[in-house]
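J.: Provided herewith: structure.txt, compact mmCIF, C-alpha atoms and all ligand atoms.
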```txt
# COMPACT_ATOMS: atom_id res chain seq x y z
CA MET A 1 85.15 109.41 137.89
CA LYS A 2 83.97 110.71 134.49
CA ASN A 3 86.66 110.88 131.82
CA SER A 4 86.55 114.43 130.45
CA ALA A 5 88.66 113.66 127.36
CA GLY A 6 86.79 113.22 124.11
CA LYS A 7 87.12 110.54 121.49
CA VAL A 8 88.11 110.34 117.83
CA TYR A 9 86.18 108.15 115.42
CA ILE A 10 88.21 107.44 112.27
CA ILE A 11 85.37 106.83 109.85
CA GLY A 12 85.32 105.48 106.30
CA ALA A 13 83.01 107.84 104.42
CA GLY A 14 82.69 105.46 101.47
CA PRO A 15 83.69 105.82 97.83
CA GLY A 16 81.82 108.99 96.87
CA ASN A 17 78.10 108.37 96.92
CA TRP A 18 77.14 109.60 100.40
CA GLU A 19 74.63 106.80 100.97
CA LEU A 20 77.49 104.31 100.97
CA ILE A 21 78.56 105.21 104.51
CA SER A 22 77.79 102.80 107.36
CA VAL A 23 74.82 103.40 109.68
CA LYS A 24 77.33 103.69 112.52
CA GLY A 25 79.43 106.28 110.67
CA LEU A 26 76.37 108.41 109.96
CA ARG A 27 75.20 108.16 113.56
CA ILE A 28 78.55 109.49 114.78
CA ILE A 29 78.53 112.39 112.28
CA LYS A 30 75.11 113.39 113.65
CA THR A 31 76.39 113.66 117.20
CA ALA A 32 80.01 114.82 116.77
CA ASP A 33 81.28 118.19 118.05
CA VAL A 34 83.91 118.37 115.32
CA VAL A 35 83.96 116.89 111.81
CA LEU A 36 87.36 116.74 110.06
CA TYR A 37 87.05 115.66 106.44
CA ASP A 38 89.16 114.95 103.35
CA PHE A 39 88.37 115.92 99.77
CA LEU A 40 87.41 112.38 98.88
CA ALA A 41 84.76 112.13 101.60
CA SER A 42 81.36 113.14 100.20
CA LYS A 43 80.51 116.74 101.19
CA GLU A 44 76.83 115.76 101.30
CA LEU A 45 77.53 113.97 104.56
CA LEU A 46 78.26 117.31 106.22
CA ARG A 47 74.61 118.33 106.19
CA PHE A 48 74.00 115.64 108.83
CA ALA A 49 76.37 117.31 111.27
CA ARG A 50 74.93 119.22 114.23
CA LYS A 51 74.20 122.90 113.53
CA ASN A 52 76.89 124.06 115.92
CA ALA A 53 79.44 121.39 114.98
CA GLU A 54 82.82 122.62 113.83
CA LEU A 55 83.52 121.51 110.25
CA ILE A 56 87.16 121.43 109.17
CA CYS A 57 88.39 120.52 105.69
CA VAL A 58 91.87 119.09 105.94
CA GLY A 59 91.71 118.46 102.21
CA LYS A 60 94.12 115.79 101.20
CA SER A 61 93.72 114.56 97.65
CA ASP A 62 96.09 113.67 94.83
CA GLY A 63 98.62 116.47 94.76
CA LEU A 64 96.78 118.91 97.02
CA HIS A 65 97.44 119.02 100.74
CA LEU A 66 95.71 121.76 102.75
CA PHE A 67 97.15 120.34 105.96
CA GLU A 68 100.26 118.26 106.51
CA GLN A 69 99.62 114.89 108.17
CA LYS A 70 101.48 116.06 111.29
CA LYS A 71 99.06 118.99 111.62
CA ILE A 72 96.04 116.74 111.18
CA ASN A 73 97.32 114.44 113.93
CA GLU A 74 97.85 117.40 116.25
CA LEU A 75 94.41 118.81 115.50
CA LEU A 76 92.75 115.47 116.29
CA PHE A 77 94.69 115.33 119.54
CA LYS A 78 93.87 118.93 120.50
CA LYS A 79 90.14 118.57 119.86
CA ALA A 80 89.79 115.24 121.67
CA LYS A 81 91.97 116.38 124.58
CA GLY A 82 89.61 119.34 124.93
CA GLY A 83 86.73 116.91 125.48
CA LYS A 84 85.28 116.91 121.96
CA ILE A 85 83.78 114.01 120.06
CA VAL A 86 85.55 114.08 116.71
CA ALA A 87 84.33 112.45 113.50
CA ARG A 88 87.39 112.06 111.28
CA LEU A 89 85.94 111.35 107.81
CA LYS A 90 88.18 109.67 105.28
CA GLY A 91 87.37 108.63 101.72
CA GLY A 92 86.57 104.95 101.14
CA ASP A 93 87.87 102.76 103.93
CA PRO A 94 90.16 104.49 106.45
CA PHE A 95 92.70 101.64 106.44
CA VAL A 96 93.00 101.09 102.66
CA PHE A 97 95.73 103.29 101.14
CA SER A 98 94.94 105.92 103.68
CA ARG A 99 96.76 107.61 106.53
CA GLY A 100 94.14 106.32 108.99
CA ILE A 101 96.72 104.03 110.54
CA GLU A 102 99.12 106.93 111.17
CA GLU A 103 96.33 108.84 112.91
CA ALA A 104 95.39 105.80 115.01
CA LEU A 105 99.02 105.20 116.06
CA TYR A 106 99.46 108.86 116.97
CA LEU A 107 96.31 108.92 119.09
CA LYS A 108 97.31 105.66 120.76
CA LYS A 109 100.71 107.13 121.65
CA LYS A 110 99.04 110.25 123.05
CA GLY A 111 96.58 108.22 125.15
CA ILE A 112 93.50 109.47 123.29
CA ASP A 113 90.48 107.19 122.99
CA PHE A 114 89.68 106.33 119.37
CA GLU A 115 87.77 103.85 117.25
CA ILE A 116 87.98 102.74 113.61
CA VAL A 117 84.69 102.65 111.71
CA SER A 118 85.09 100.69 108.46
CA GLY A 119 84.04 102.14 105.14
CA ILE A 120 83.34 100.81 101.67
CA THR A 121 86.54 101.05 99.67
CA SER A 122 86.55 102.52 96.16
CA ALA A 123 88.74 99.56 95.16
CA PHE A 124 85.64 97.34 95.20
CA ALA A 125 82.76 99.80 94.98
CA ALA A 126 83.90 101.55 91.78
CA PRO A 127 84.12 98.36 89.63
CA GLU A 128 80.95 96.98 91.27
CA SER A 129 79.07 100.09 90.25
CA PHE A 130 79.58 98.90 86.66
CA GLY A 131 78.71 95.28 87.41
CA ILE A 132 82.31 94.07 87.65
CA PRO A 133 82.82 91.48 90.40
CA MET A 134 86.15 90.86 92.14
CA THR A 135 85.91 87.05 92.11
CA ARG A 136 83.67 84.28 90.80
CA LYS A 137 83.31 80.90 92.46
CA GLY A 138 85.23 78.20 90.62
CA LYS A 139 86.74 80.64 88.10
CA PHE A 140 88.48 83.64 89.62
CA SER A 141 89.56 83.18 93.19
CA SER A 142 92.21 85.76 93.98
CA VAL A 143 92.29 89.54 94.04
CA ALA A 144 95.01 92.06 94.92
CA VAL A 145 94.54 95.75 95.75
CA LEU A 146 97.65 97.73 94.88
CA THR A 147 99.03 101.22 94.61
CA GLY A 148 99.98 102.62 91.23
CA ARG A 149 102.35 105.06 92.91
CA LYS A 150 105.33 104.10 95.03
CA SER A 151 106.58 107.01 97.08
CA ASN A 152 110.04 105.46 97.45
CA GLY A 153 110.42 104.94 93.69
CA ASP A 154 110.24 101.13 94.04
CA LYS A 155 108.96 98.95 91.20
CA ILE A 156 105.18 98.66 90.90
CA ASP A 157 103.80 95.29 92.04
CA ALA A 158 101.89 93.02 89.65
CA PRO A 159 101.42 89.75 91.56
CA ARG A 160 100.12 86.52 90.05
CA CYS A 161 96.45 86.53 90.85
CA ASP A 162 93.18 86.63 88.92
CA THR A 163 92.17 90.24 89.53
CA LEU A 164 94.42 93.27 90.03
CA ILE A 165 92.99 96.57 91.28
CA TYR A 166 95.19 99.67 91.30
CA LEU A 167 94.46 102.91 93.15
CA MET A 168 96.33 106.21 92.65
CA VAL A 169 97.13 104.99 89.18
CA VAL A 170 96.26 107.57 86.52
CA ALA A 171 99.48 109.58 86.44
CA ASN A 172 101.68 106.48 86.49
CA ILE A 173 99.73 104.19 84.14
CA LYS A 174 102.71 103.72 81.82
CA ASN A 175 104.83 102.13 84.57
CA VAL A 176 101.88 100.16 85.93
CA LEU A 177 101.24 98.63 82.49
CA LYS A 178 104.94 97.88 82.08
CA ALA A 179 104.94 95.97 85.39
CA ILE A 180 101.77 94.03 84.52
CA LYS A 181 102.98 93.08 81.05
CA SER A 182 106.41 91.99 82.26
CA SER A 183 104.75 89.74 84.86
CA GLY A 184 103.62 87.55 81.96
CA ARG A 185 99.95 88.51 81.65
CA ARG A 186 98.45 88.23 78.15
CA ILE A 187 98.25 91.51 76.26
CA SER A 188 94.60 90.73 75.39
CA THR A 189 93.61 90.70 79.10
CA PRO A 190 90.58 92.97 79.60
CA CYS A 191 90.94 95.97 81.89
CA ALA A 192 89.10 99.16 82.78
CA PHE A 193 89.46 102.56 84.37
CA ILE A 194 86.55 103.59 86.56
CA GLU A 195 86.55 107.30 87.27
CA ARG A 196 84.55 108.81 90.18
CA GLY A 197 82.87 105.45 90.76
CA THR A 198 79.46 105.47 92.54
CA THR A 199 78.98 109.22 92.01
CA ALA A 200 76.67 110.97 89.53
CA ARG A 201 79.75 111.66 87.38
CA GLU A 202 81.08 108.11 87.27
CA ARG A 203 82.30 106.66 83.99
CA ILE A 204 84.15 103.64 82.70
CA VAL A 205 86.76 103.28 79.97
CA THR A 206 87.46 99.69 78.97
CA GLY A 207 90.12 98.09 76.82
CA THR A 208 92.88 95.51 76.92
CA LEU A 209 96.41 95.75 78.24
CA ALA A 210 97.40 96.54 74.65
CA ASP A 211 95.23 99.61 74.10
CA ILE A 212 94.05 100.96 77.48
CA GLU A 213 96.75 103.62 77.74
CA GLU A 214 95.72 105.11 74.43
CA LYS A 215 92.01 104.88 75.33
CA ALA A 216 92.59 106.57 78.67
CA ARG A 217 94.32 109.42 76.86
CA GLU A 218 91.57 109.63 74.24
CA HIS A 219 88.86 109.86 76.95
CA SER A 220 90.96 112.07 79.28
CA VAL A 221 90.71 109.76 82.27
CA ASN A 222 91.39 111.69 85.47
CA ALA A 223 91.83 110.97 89.17
CA PRO A 224 90.16 109.71 91.22
CA ALA A 225 90.02 106.48 89.27
CA VAL A 226 90.70 102.81 89.88
CA PHE A 227 92.24 100.51 87.29
CA ILE A 228 91.05 96.90 87.26
CA VAL A 229 92.72 94.12 85.30
CA GLY A 230 91.41 90.61 84.70
CA GLU A 231 88.77 88.45 83.04
CA VAL A 232 86.21 89.67 85.62
CA VAL A 233 85.96 92.94 83.65
CA ARG A 234 83.92 91.08 80.99
CA TYR A 235 81.03 90.61 83.46
CA GLY A 236 80.49 94.35 83.52
CA LYS A 237 79.58 94.27 79.87
CA ARG A 238 77.32 91.24 80.34
CA ILE A 239 75.48 92.84 83.22
CA TYR A 240 75.33 96.53 82.33
CA GLY A 241 76.81 96.81 78.84
CA HIS A 242 79.26 99.21 80.45
CA LYS A 243 76.70 101.88 81.09
CA PHE A 244 77.70 105.53 81.07
CA LYS A 245 75.81 107.46 83.73
C1 LIG B 301 94.57 107.92 98.85
S1 LIG B 301 93.63 106.71 98.04
C2 LIG B 301 92.32 106.51 99.19
C3 LIG B 301 91.58 105.22 99.05
C4 LIG B 301 90.42 105.09 99.99
N1 LIG B 301 90.89 104.94 101.35
C5 LIG B 301 89.50 103.93 99.64
O1 LIG B 301 89.41 102.96 100.40
O2 LIG B 301 88.83 104.03 98.60
C6 LIG B 301 92.91 107.66 96.77
C7 LIG B 301 92.61 106.82 95.54
O3 LIG B 301 91.40 106.09 95.72
C8 LIG B 301 90.77 105.91 94.47
N2 LIG B 301 89.40 106.46 94.54
C9 LIG B 301 88.84 107.10 95.57
N3 LIG B 301 87.54 107.39 95.32
C10 LIG B 301 87.28 106.90 94.08
C11 LIG B 301 86.13 106.85 93.26
N4 LIG B 301 84.95 107.34 93.67
N5 LIG B 301 86.22 106.24 92.06
C12 LIG B 301 87.38 105.71 91.64
N6 LIG B 301 88.51 105.72 92.37
C13 LIG B 301 88.46 106.30 93.59
C14 LIG B 301 91.62 106.60 93.43
O4 LIG B 301 92.51 105.65 92.89
C15 LIG B 301 92.36 107.62 94.27
O5 LIG B 301 93.56 108.02 93.65
```
Have the structure of the file written as structure tokens, please.
T.:
Amino acid sequence: MKNSAGKVYIIGAGPGNWELISVKGLRIIKTADVVLYDFLASKELLRFARKNAELICVGKSDGLHLFEQKKINELLFKKAKGGKIVARLKGGDPFVFSRGIEEALYLKKKGIDFEIVSGITSAFAAPESFGIPMTRKGKFSSVAVLTGRKSNGDKIDAPRCDTLIYLMVVANIKNVLKAIKSSGRRISTPCAFIERGTTARERIVTGTLADIEEKAREHSVNAPAVFIVGEVVRYGKRIYGHKFK
């Protein structure tokens, strides 16, 4: 017997440049009945949707929520239950500092078929766009991806590893720097903000733990941006001279 219920694909749309979506993700967008997308997912991907596909912006970004998460979950359920193929586009990777897992758990509980389609996370893609690697064999072997904002007011993490990458960090940079410095890292450690990485408006602001807060203020660094800390930041200069695009 044919199952008449639809399916939800929770797709990582990549870090901002639309070409950084997976072939699989793009294929699903082209065939979906409904496309639900966040602010951080590149709008250029929408032109690949079918002409009669329903496009819904559920618009979650720093500080602006068009839809509550509960409503998004219910919408995904309603559309799939009605037999639709739903492409749920999320910025970066859907399981990296994203509510993709909440959506998956909800759909699982409701008995709706779903699949996770990985995306390229901004945590890696934004620094890489300026030639900054995460690791280097024999030199830098550990990397942590962290949040710069703790919803429960807990202390920010700054674990002992070679490279630290913070997301959702701009508004709370003071506390993030406090945590990093009190973990014993040298004040001369290089670091950088990468704003709108991989897009036509990307830019980088570099400094050290001592002066980055002031530099970020001077250059009006805004979200979305990642903050990377560690000796790896120096490679960006060697490779690209910290290009400004
Ligand atoms: C809610 S998190 C979503 C992360 C996403 N799931 C990912 O894997 O990239 C939003 C944060 O991602 C980071 N971000 C997203 N896109 C970015 C970009 N193009 N450049 C720099 N940072 C970005 C920012 O730190 C932003 O505050």
J.: Would you give me, as CSV, each residue of chain A having an atom within 7 Å of an atom of ligand LIG 301 (chain B), along with its shortest atom pair and that distance in Å to one decimal, using all atoms listed in the file and sorting by chain and residue number?
T.:
```
residue,atom,partner,partner_atom,distance
A:Gly14,CA,B:LIG301,O2,6.9
A:Pro15,CA,B:LIG301,N4,4.6
A:Gly16,CA,B:LIG301,N4,4.8
A:Leu40,CA,B:LIG301,N3,6.1
A:Ser61,CA,B:LIG301,C1,6.8
A:Asp62,CA,B:LIG301,O5,6.3
A:Lys90,CA,B:LIG301,N1,6.7
A:Gly91,CA,B:LIG301,C4,5.0
A:Gly92,CA,B:LIG301,C5,3.4
A:Asp93,CA,B:LIG301,O1,3.9
A:Pro94,CA,B:LIG301,N1,5.2
A:Phe95,CA,B:LIG301,N1,6.3
A:Val96,CA,B:LIG301,N1,4.6
A:Phe97,CA,B:LIG301,C3,5.0
A:Ser98,CA,B:LIG301,N1,4.8
A:Ile120,CA,B:LIG301,O1,6.6
A:Thr121,CA,B:LIG301,O1,3.5
A:Ser122,CA,B:LIG301,O2,3.7
A:Ala123,CA,B:LIG301,O2,5.6
A:Ala126,CA,B:LIG301,N5,5.2
A:Tyr166,CA,B:LIG301,O4,6.7
A:Leu167,CA,B:LIG301,O4,3.4
A:Met168,CA,B:LIG301,O5,3.5
A:Val169,CA,B:LIG301,O4,6.0
A:Ile194,CA,B:LIG301,C12,5.6
A:Glu195,CA,B:LIG301,C12,4.7
A:Arg196,CA,B:LIG301,N5,3.6
A:Gly197,CA,B:LIG301,N5,3.7
A:Thr198,CA,B:LIG301,N4,5.9
A:Thr199,CA,B:LIG301,N4,6.5
A:Ala223,CA,B:LIG301,O5,5.6
A:Pro224,CA,B:LIG301,C14,4.1
A:Ala225,CA,B:LIG301,N6,3.5
A:Val226,CA,B:LIG301,N6,4.4
```
J.: May I ask which of the residues A:Lys181, A:Arg47, A:Lys84, A:Arg160 is the closest one to A:Ser4, counting all atoms listed in the file?
T.: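 For A:Ser4, the nearest of the candidates is A:Lys84.
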J.: Residues proximal to (86.2, 113.2, 121.1) were defined as those with any atom within 9 Å of that point in the file's coordinates, counting all atoms listed in the file. Which are they, as a PDB file with C-alpha atoms, in the frame of the given file?
T.:
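File out-v6.pdb, as written:
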```pdb
ATOM      1  CA  ALA A   5      88.660 113.660 127.360  1.00  0.00           C
ATOM      2  CA  GLY A   6      86.790 113.220 124.110  1.00  0.00           C
ATOM      3  CA  LYS A   7      87.120 110.540 121.490  1.00  0.00           C
ATOM      4  CA  VAL A   8      88.110 110.340 117.830  1.00  0.00           C
ATOM      5  CA  TYR A   9      86.180 108.150 115.420  1.00  0.00           C
ATOM      6  CA  ALA A  32      80.010 114.820 116.770  1.00  0.00           C
ATOM      7  CA  ASP A  33      81.280 118.190 118.050  1.00  0.00           C
ATOM      8  CA  VAL A  34      83.910 118.370 115.320  1.00  0.00           C
ATOM      9  CA  LEU A  76      92.750 115.470 116.290  1.00  0.00           C
ATOM     10  CA  PHE A  77      94.690 115.330 119.540  1.00  0.00           C
ATOM     11  CA  LYS A  79      90.140 118.570 119.860  1.00  0.00           C
ATOM     12  CA  ALA A  80      89.790 115.240 121.670  1.00  0.00           C
ATOM     13  CA  LYS A  81      91.970 116.380 124.580  1.00  0.00           C
ATOM     14  CA  GLY A  82      89.610 119.340 124.930  1.00  0.00           C
ATOM     15  CA  GLY A  83      86.730 116.910 125.480  1.00  0.00           C
ATOM     16  CA  LYS A  84      85.280 116.910 121.960  1.00  0.00           C
ATOM     17  CA  ILE A  85      83.780 114.010 120.060  1.00  0.00           C
ATOM     18  CA  VAL A  86      85.550 114.080 116.710  1.00  0.00           C
ATOM     19  CA  ALA A  87      84.330 112.450 113.500  1.00  0.00           C
ATOM     20  CA  ILE A 112      93.500 109.470 123.290  1.00  0.00           C
ATOM     21  CA  ASP A 113      90.480 107.190 122.990  1.00  0.00           C
ATOM     22  CA  PHE A 114      89.680 106.330 119.370  1.00  0.00           C
TER      23      PHE A 114
END
```
J.: Pick out the closest residue to A:Leu89 from this set: A:Leu26, A:Val145, A:Cys191, A:Ile239. Count all atoms listed in the file.
T.: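 Looking at the shortest contact to A:Leu89, the residue is A:Leu26.
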J.: Work out how far apart atom CA of A:Thr163 and atom CA of A:Ala125 are and give it in Å to one decimal.
T.: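 Pair atom CA of A:Thr163 / atom CA of A:Ala125 returns 14.5 Å.
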J.: Nearest residue to A:Tyr240 out of A:Ile132, A:Ala171, A:Ile180, A:Ala200, using only C-alpha atoms?
T.: A:Ile132
J.: What is the atom CA of A:Lys71-atom CA of A:Ile116 distance in Å, reported with one decimal?
T.: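 So the answer is 19.8 Å.
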J.: Just want the 9 Å neighbourhood of A:Asp157, counted on only C-alpha atoms, with same-chain residues fewer than 4 positions away dropped. Output as a JSON list (two decimals) with C-alpha atoms, in the coordinates of the input.
T.:
```json
[["chain", "number", "residue", "atom", "x", "y", "z"],
["A", 146, "LEU", "CA", 97.65, 97.73, 94.88],
["A", 147, "THR", "CA", 99.03, 101.22, 94.61],
["A", 148, "GLY", "CA", 99.98, 102.62, 91.23],
["A", 176, "VAL", "CA", 101.88, 100.16, 85.93],
["A", 179, "ALA", "CA", 104.94, 95.97, 85.39],
["A", 180, "ILE", "CA", 101.77, 94.03, 84.52]]
```
J.: Go ahead and compute the interatomic distance for atom CA of A:Asn73 and atom CA of A:Tyr106, in Å to one decimal.
T.: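 Rounded to one decimal, the two atoms are 6.7 Å apart.
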J.: May I ask which of the residues A:Arg136, A:Asn175, A:Phe130, A:Val170 is the closest one to A:Asn222, counting all atoms listed in the file?
T.: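 Result for the nearest residue to A:Asn222: A:Val170.
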J.: Point out the residue among A:Asn172, A:Thr208, A:Ser142, A:Asn52 with the least atom-to-atom distance to A:Ser188, counting only C-alpha atoms.
T.: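 Nearest to A:Ser188: A:Thr208.
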J.: Return the single residue from A:Arg27, A:Lys70, A:Arg50, A:Lys150 that is closest to A:Arg99, with distances computed using only C-alpha atoms.
T.: A:Lys70
J.: Using only C-alpha atoms, which protein or nucleic acid residues come within 9 Å of A:Gly236? Drop anything in the same chain fewer than 5 positions from it, and give the result as a list of chain:residue names.
T.: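 Contacts, in chain order: A:Pro127, A:Glu128, A:Ser129, A:Phe130, A:Gly131, A:Ile132, A:Pro133, A:Gly241, A:His242, A:Lys243.
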J.: Those residues you just picked out, can you put them in a file as a PDB file, in the coordinates of the input with C-alpha atoms?
T.:
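part_14.pdb written:
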```pdb
ATOM      1  CA  PRO A 127      84.120  98.360  89.630  1.00  0.00           C
ATOM      2  CA  GLU A 128      80.950  96.980  91.270  1.00  0.00           C
ATOM      3  CA  SER A 129      79.070 100.090  90.250  1.00  0.00           C
ATOM      4  CA  PHE A 130      79.580  98.900  86.660  1.00  0.00           C
ATOM      5  CA  GLY A 131      78.710  95.280  87.410  1.00  0.00           C
ATOM      6  CA  ILE A 132      82.310  94.070  87.650  1.00  0.00           C
ATOM      7  CA  PRO A 133      82.820  91.480  90.400  1.00  0.00           C
ATOM      8  CA  GLY A 241      76.810  96.810  78.840  1.00  0.00           C
ATOM      9  CA  HIS A 242      79.260  99.210  80.450  1.00  0.00           C
ATOM     10  CA  LYS A 243      76.700 101.880  81.090  1.00  0.00           C
TER      11      LYS A 243
END
```
J.: For A:Trp18, find every residue with an atom within 9 Å (counting all atoms listed in the file), except residues of its own chain fewer than 6 positions away, and show them as a list in words.
T.: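 My reading of the contact set: Ala41, Ser42, Lys43, Glu44, Leu45 and Thr199 of chain A.
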J.: Excluding A:Glu213 and residues on its chain fewer than 4 positions from it, collect all residues at most 10 Å away from it, counting only C-alpha atoms, and give them as a list in words.
T.: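 Residues near the query, excluding close chain neighbours: Val170, Ile173, Lys174, Leu177, Phe193, Gly207, Thr208, Leu209, Arg217, Glu218 and Val221 of chain A.
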J.: Neighbouring residues of A:Ser22 were defined as those with any atom within 8 Å, considering only C-alpha atoms; residues of the same chain fewer than 2 positions away were excluded. Please report them as a list in words.
T.: Ala13, Leu20, Lys24, Gly25, Leu26, Ser118 and Gly119 of chain A
J.: Is it possible to add N, CA and C atoms to stretch 35-52 of chain A and hand it back as a PDB file, keeping the file's coordinate frame?
T.:
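So the final result, stored in part-v1.pdb, reads:
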```pdb
ATOM      1  N   VAL A  35      83.834 117.808 112.945  1.00  0.00           N
ATOM      2  CA  VAL A  35      83.960 116.890 111.810  1.00  0.00           C
ATOM      3  C   VAL A  35      85.172 117.334 110.980  1.00  0.00           C
ATOM      4  N   LEU A  36      86.162 116.460 110.867  1.00  0.00           N
ATOM      5  CA  LEU A  36      87.360 116.740 110.060  1.00  0.00           C
ATOM      6  C   LEU A  36      87.258 115.872 108.821  1.00  0.00           C
ATOM      7  N   TYR A  37      87.285 116.475 107.635  1.00  0.00           N
ATOM      8  CA  TYR A  37      87.050 115.660 106.440  1.00  0.00           C
ATOM      9  C   TYR A  37      88.068 115.907 105.335  1.00  0.00           C
ATOM     10  N   ASP A  38      88.273 114.885 104.513  1.00  0.00           N
ATOM     11  CA  ASP A  38      89.160 114.950 103.350  1.00  0.00           C
ATOM     12  C   ASP A  38      88.348 115.299 102.108  1.00  0.00           C
ATOM     13  N   PHE A  39      89.045 115.632 101.037  1.00  0.00           N
ATOM     14  CA  PHE A  39      88.370 115.920  99.770  1.00  0.00           C
ATOM     15  C   PHE A  39      87.549 114.732  99.272  1.00  0.00           C
ATOM     16  N   LEU A  40      88.084 113.533  99.463  1.00  0.00           N
ATOM     17  CA  LEU A  40      87.410 112.380  98.880  1.00  0.00           C
ATOM     18  C   LEU A  40      86.173 111.927  99.647  1.00  0.00           C
ATOM     19  N   ALA A  41      85.979 112.470 100.851  1.00  0.00           N
ATOM     20  CA  ALA A  41      84.760 112.130 101.600  1.00  0.00           C
ATOM     21  C   ALA A  41      83.624 113.002 101.044  1.00  0.00           C
ATOM     22  N   SER A  42      82.462 112.392 100.818  1.00  0.00           N
ATOM     23  CA  SER A  42      81.360 113.140 100.200  1.00  0.00           C
ATOM     24  C   SER A  42      80.922 114.317 101.071  1.00  0.00           C
ATOM     25  N   LYS A  43      80.889 115.516 100.458  1.00  0.00           N
ATOM     26  CA  LYS A  43      80.510 116.740 101.190  1.00  0.00           C
ATOM     27  C   LYS A  43      79.050 116.659 101.639  1.00  0.00           C
ATOM     28  N   GLU A  44      78.250 115.855 100.930  1.00  0.00           N
ATOM     29  CA  GLU A  44      76.830 115.760 101.300  1.00  0.00           C
ATOM     30  C   GLU A  44      76.636 115.216 102.711  1.00  0.00           C
ATOM     31  N   LEU A  45      77.648 114.526 103.205  1.00  0.00           N
ATOM     32  CA  LEU A  45      77.530 113.970 104.560  1.00  0.00           C
ATOM     33  C   LEU A  45      77.552 115.083 105.617  1.00  0.00           C
ATOM     34  N   LEU A  46      78.112 116.229 105.245  1.00  0.00           N
ATOM     35  CA  LEU A  46      78.260 117.310 106.220  1.00  0.00           C
ATOM     36  C   LEU A  46      76.920 117.895 106.657  1.00  0.00           C
ATOM     37  N   ARG A  47      75.909 117.754 105.811  1.00  0.00           N
ATOM     38  CA  ARG A  47      74.610 118.330 106.190  1.00  0.00           C
ATOM     39  C   ARG A  47      73.977 117.563 107.354  1.00  0.00           C
ATOM     40  N   PHE A  48      74.523 116.403 107.687  1.00  0.00           N
ATOM     41  CA  PHE A  48      74.000 115.640 108.830  1.00  0.00           C
ATOM     42  C   PHE A  48      74.652 116.060 110.140  1.00  0.00           C
ATOM     43  N   ALA A  49      75.685 116.885 110.042  1.00  0.00           N
ATOM     44  CA  ALA A  49      76.370 117.310 111.270  1.00  0.00           C
ATOM     45  C   ALA A  49      75.465 118.234 112.075  1.00  0.00           C
ATOM     46  N   ARG A  50      75.708 118.315 113.380  1.00  0.00           N
ATOM     47  CA  ARG A  50      74.930 119.220 114.230  1.00  0.00           C
ATOM     48  C   ARG A  50      75.129 120.664 113.768  1.00  0.00           C
ATOM     49  N   LYS A  51      74.130 121.504 114.000  1.00  0.00           N
ATOM     50  CA  LYS A  51      74.200 122.900 113.530  1.00  0.00           C
ATOM     51  C   LYS A  51      75.424 123.635 114.065  1.00  0.00           C
ATOM     52  N   ASN A  52      75.748 123.353 115.315  1.00  0.00           N
ATOM     53  CA  ASN A  52      76.890 124.060 115.920  1.00  0.00           C
ATOM     54  C   ASN A  52      78.188 123.240 115.877  1.00  0.00           C
TER      55      ASN A  52
END
```
